[in-house]
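So the structure is just underneath, and the comments pick up after that.
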Amino acid sequence: MSTTEAHTTSGDTSVGKVDMKLEVEIIPVSDVDRAKEFYSRLGWRLDDDVAPVDGLRIVQFTPPGSGTSVSFGQGLTTAAPGSAGGGLIVSDIEVARDELVGRGIEVSDIWHGPPFPVEARQPGPDPERTSYGSFFSFNDPDCNTWLVQEVTTRLPGRIDAGETGFASTADLEAALRRAEAAYNERAKPTGHLAGLIHRHPQAQQDEDRPAWYASFLVGEQAGTDLPM
């Protein structure tokens, strides 16, 4: 049996599993300097602009909080400028759109419903602000399209609960605010307990609040059950 056969016939998919993380997406552009100015205006971090040999120039940007970067330049791809598309995830669709508008970027209106076909889109954010439900889009100068989607709670299995993390302070802050709102809603007194708690405010203090927040943050990211 060959090494290839030994790997492909194994029934245990957890054995020999190697992380493969998307690092860079290459997009085709017609004018490198124009594209560089645009992506700088987005507020993305400029990582590099190098020309190691004649006919090759590599410009790399990274969106805020992203683990994946975008590269463009000269001699990187034979794809036609404007033929690429990418997806960006944000925790607040309205704040994200307002920020880009403030930077002078032309963006679409927010919509909800399926992103495609275009005819299926409904105006405005998802009424319930359902995770994965709200979108807007924008194009770079070559008409490479970026689809922006609001995600607050991941579908089950999308993120390993043991590797939960936040790529930026803004995302962590937004998650903590959602946890606080959920916790306060859970802790609202009802019925005859309301008067008792009012007379004894110390009863409202919950020593397990940090643990509850932690469970909420992990559950929201990993798509597992949220704490009650």
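Each chain in the structure tokens gets a letter, A, B and so on, in the order shown; residues start at 1 in every chain, and ligands are counted from 1 in the order they appear.
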Ile27 of chain A: which residues within 8 Å, counting only C-alpha atoms, same-chain residues fewer than 3 positions away excluded, as a PDB file with C-alpha atoms, in the first residue's frame?
ATOM      1  CA  VAL A  70      -5.492  40.656   0.147  1.00  0.00           C
ATOM      2  CA  SER A  71      -2.713  40.951  -2.412  1.00  0.00           C
ATOM      3  CA  PHE A  72      -2.633  42.623  -5.796  1.00  0.00           C
ATOM      4  CA  THR A  77      -2.405  36.748 -11.820  1.00  0.00           C
ATOM      5  CA  PRO A  81      -9.403  42.998 -13.486  1.00  0.00           C
ATOM      6  CA  ALA A  84     -12.840  38.789  -8.288  1.00  0.00           C
ATOM      7  CA  ASN A 144     -13.945  43.645  -7.865  1.00  0.00           C
TER       8      ASN A 144
END
Return as a tab-separated table the residues of segment 12-131 of chain A lying at most 12 Å from segment 137-141 of chain A, together with the closest atom-to-atom pair for each and the distance in Å to one decimal, counting only C-alpha atoms, with rows in chain order and ascending residue number.
residue	atom	partner	partner_atom	distance
A:Ile27	CA	A:Asp140	CA	10.4
A:Pro28	CA	A:Asp140	CA	10.7
A:Val29	CA	A:Pro141	CA	8.3
A:Ser30	CA	A:Pro141	CA	9.0
A:Asp31	CA	A:Pro141	CA	8.8
A:Val32	CA	A:Pro141	CA	10.4
A:Asp33	CA	A:Pro141	CA	10.9
A:Arg34	CA	A:Pro141	CA	7.5
A:Ala35	CA	A:Pro141	CA	6.7
A:Lys36	CA	A:Asp140	CA	10.2
A:Glu37	CA	A:Pro141	CA	10.0
A:Phe38	CA	A:Asp140	CA	7.0
A:Tyr39	CA	A:Asp140	CA	8.0
A:Ser40	CA	A:Asp140	CA	11.5
A:Arg41	CA	A:Asp140	CA	10.8
A:Leu42	CA	A:Asp140	CA	9.9
A:Pro81	CA	A:Pro141	CA	9.5
A:Gly82	CA	A:Asp140	CA	8.1
A:Ser83	CA	A:Asn139	CA	11.0
A:Ala84	CA	A:Asn139	CA	10.1
A:Gly85	CA	A:Asn139	CA	9.0
A:Gly86	CA	A:Ser137	CA	10.0
A:Gly87	CA	A:Ser137	CA	9.2
A:Leu88	CA	A:Ser137	CA	9.3
A:Ile89	CA	A:Ser137	CA	11.4
A:Ile93	CA	A:Ser137	CA	10.7
A:Ala96	CA	A:Ser137	CA	11.0
A:Arg97	CA	A:Ser137	CA	9.0
A:Leu100	CA	A:Phe138	CA	9.4
A:Val101	CA	A:Phe138	CA	10.5
A:Gly104	CA	A:Phe138	CA	11.7
A:Ile105	CA	A:Phe138	CA	7.9
A:Glu106	CA	A:Phe138	CA	6.6
A:Val107	CA	A:Phe138	CA	4.7
A:Ser108	CA	A:Ser137	CA	5.4
A:Asp109	CA	A:Ser137	CA	7.9
A:Ile110	CA	A:Ser137	CA	8.1
A:Trp111	CA	A:Ser137	CA	9.5
A:His112	CA	A:Ser137	CA	11.9
A:Pro115	CA	A:Ser137	CA	9.9
A:Val118	CA	A:Ser137	CA	11.7
Exercise for review: Pick out each residue of segment 17-183 of chain A that DSSP on the backbone tags as strand (DSSP E); I need them as a ChimeraX atom specification.
Suggested key: /A:24-26,45-53,56-62,69-74,85-90,111-112,122-123,134-139,145-150
Exercise for review: Just list the residues in segment 47-145 of chain A DSSP gives alpha helix (DSSP H) on the backbone, as a list in words.
Suggested key: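 Here are the alpha helix (DSSP H) residues of segment 47-145 of chain A: Ile93, Glu94, Val95, Ala96, Arg97, Asp98, Glu99, Leu100, Val101 and Gly102 of chain A.
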If you keep N, CA, C and O atoms, can you produce a file of those selected residues as a PDB file, in the first residue's frame?
ATOM      1  N   ILE A  93     -23.723  45.640  11.003  1.00  0.00           N
ATOM      2  CA  ILE A  93     -23.793  46.010   9.593  1.00  0.00           C
ATOM      3  C   ILE A  93     -23.975  47.507   9.402  1.00  0.00           C
ATOM      4  O   ILE A  93     -23.409  48.104   8.475  1.00  0.00           O
ATOM      5  N   GLU A  94     -24.730  48.159  10.281  1.00  0.00           N
ATOM      6  CA  GLU A  94     -24.984  49.585  10.138  1.00  0.00           C
ATOM      7  C   GLU A  94     -23.749  50.413  10.482  1.00  0.00           C
ATOM      8  O   GLU A  94     -23.424  51.384   9.779  1.00  0.00           O
ATOM      9  N   VAL A  95     -23.075  50.033  11.548  1.00  0.00           N
ATOM     10  CA  VAL A  95     -21.850  50.748  11.929  1.00  0.00           C
ATOM     11  C   VAL A  95     -20.790  50.596  10.850  1.00  0.00           C
ATOM     12  O   VAL A  95     -20.095  51.555  10.498  1.00  0.00           O
ATOM     13  N   ALA A  96     -20.662  49.387  10.307  1.00  0.00           N
ATOM     14  CA  ALA A  96     -19.665  49.139   9.262  1.00  0.00           C
ATOM     15  C   ALA A  96     -19.945  49.974   8.022  1.00  0.00           C
ATOM     16  O   ALA A  96     -19.029  50.569   7.425  1.00  0.00           O
ATOM     17  N   ARG A  97     -21.212  50.037   7.624  1.00  0.00           N
ATOM     18  CA  ARG A  97     -21.552  50.830   6.438  1.00  0.00           C
ATOM     19  C   ARG A  97     -21.295  52.314   6.681  1.00  0.00           C
ATOM     20  O   ARG A  97     -20.736  53.011   5.824  1.00  0.00           O
ATOM     21  N   ASP A  98     -21.699  52.801   7.846  1.00  0.00           N
ATOM     22  CA  ASP A  98     -21.491  54.220   8.167  1.00  0.00           C
ATOM     23  C   ASP A  98     -20.003  54.574   8.149  1.00  0.00           C
ATOM     24  O   ASP A  98     -19.627  55.663   7.701  1.00  0.00           O
ATOM     25  N   GLU A  99     -19.171  53.661   8.624  1.00  0.00           N
ATOM     26  CA  GLU A  99     -17.738  53.937   8.646  1.00  0.00           C
ATOM     27  C   GLU A  99     -17.183  54.070   7.231  1.00  0.00           C
ATOM     28  O   GLU A  99     -16.398  54.976   6.944  1.00  0.00           O
ATOM     29  N   LEU A 100     -17.599  53.179   6.337  1.00  0.00           N
ATOM     30  CA  LEU A 100     -17.103  53.256   4.957  1.00  0.00           C
ATOM     31  C   LEU A 100     -17.616  54.511   4.260  1.00  0.00           C
ATOM     32  O   LEU A 100     -16.875  55.164   3.517  1.00  0.00           O
ATOM     33  N   VAL A 101     -18.864  54.851   4.495  1.00  0.00           N
ATOM     34  CA  VAL A 101     -19.404  56.085   3.910  1.00  0.00           C
ATOM     35  C   VAL A 101     -18.606  57.280   4.408  1.00  0.00           C
ATOM     36  O   VAL A 101     -18.277  58.202   3.646  1.00  0.00           O
ATOM     37  N   GLY A 102     -18.261  57.265   5.690  1.00  0.00           N
ATOM     38  CA  GLY A 102     -17.460  58.347   6.257  1.00  0.00           C
ATOM     39  C   GLY A 102     -16.075  58.439   5.650  1.00  0.00           C
ATOM     40  O   GLY A 102     -15.440  59.499   5.688  1.00  0.00           O
TER      41      GLY A 102
END
Practice item. Rank A:Trp146, A:Phe216, A:Trp44, A:Phe116 by their smallest atom-to-atom distance to Ser66 of chain A, using only C-alpha atoms, and report the top residue only. Key: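 Closest candidate: A:Trp44.
If you look at atom CA of Gly157 of chain A and atom CA of Thr224 of chain A, they are 8.1 Å away from each other.
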Exercise for review: For atom CA of Pro227 of chain A and atom CA of Trp212 of chain A, quote the distance in Å rounded to one decimal.
Suggested key: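 So the two atoms, atom CA of Pro227 of chain A and atom CA of Trp212 of chain A, lie 6.7 Å apart.
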Exercise for review: Report the distance between atom CA of Gly223 of chain A and atom CA of Ser91 of chain A in Å, rounded to one decimal place.
Suggested key: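 Interatomic distance here is 14.9 Å.
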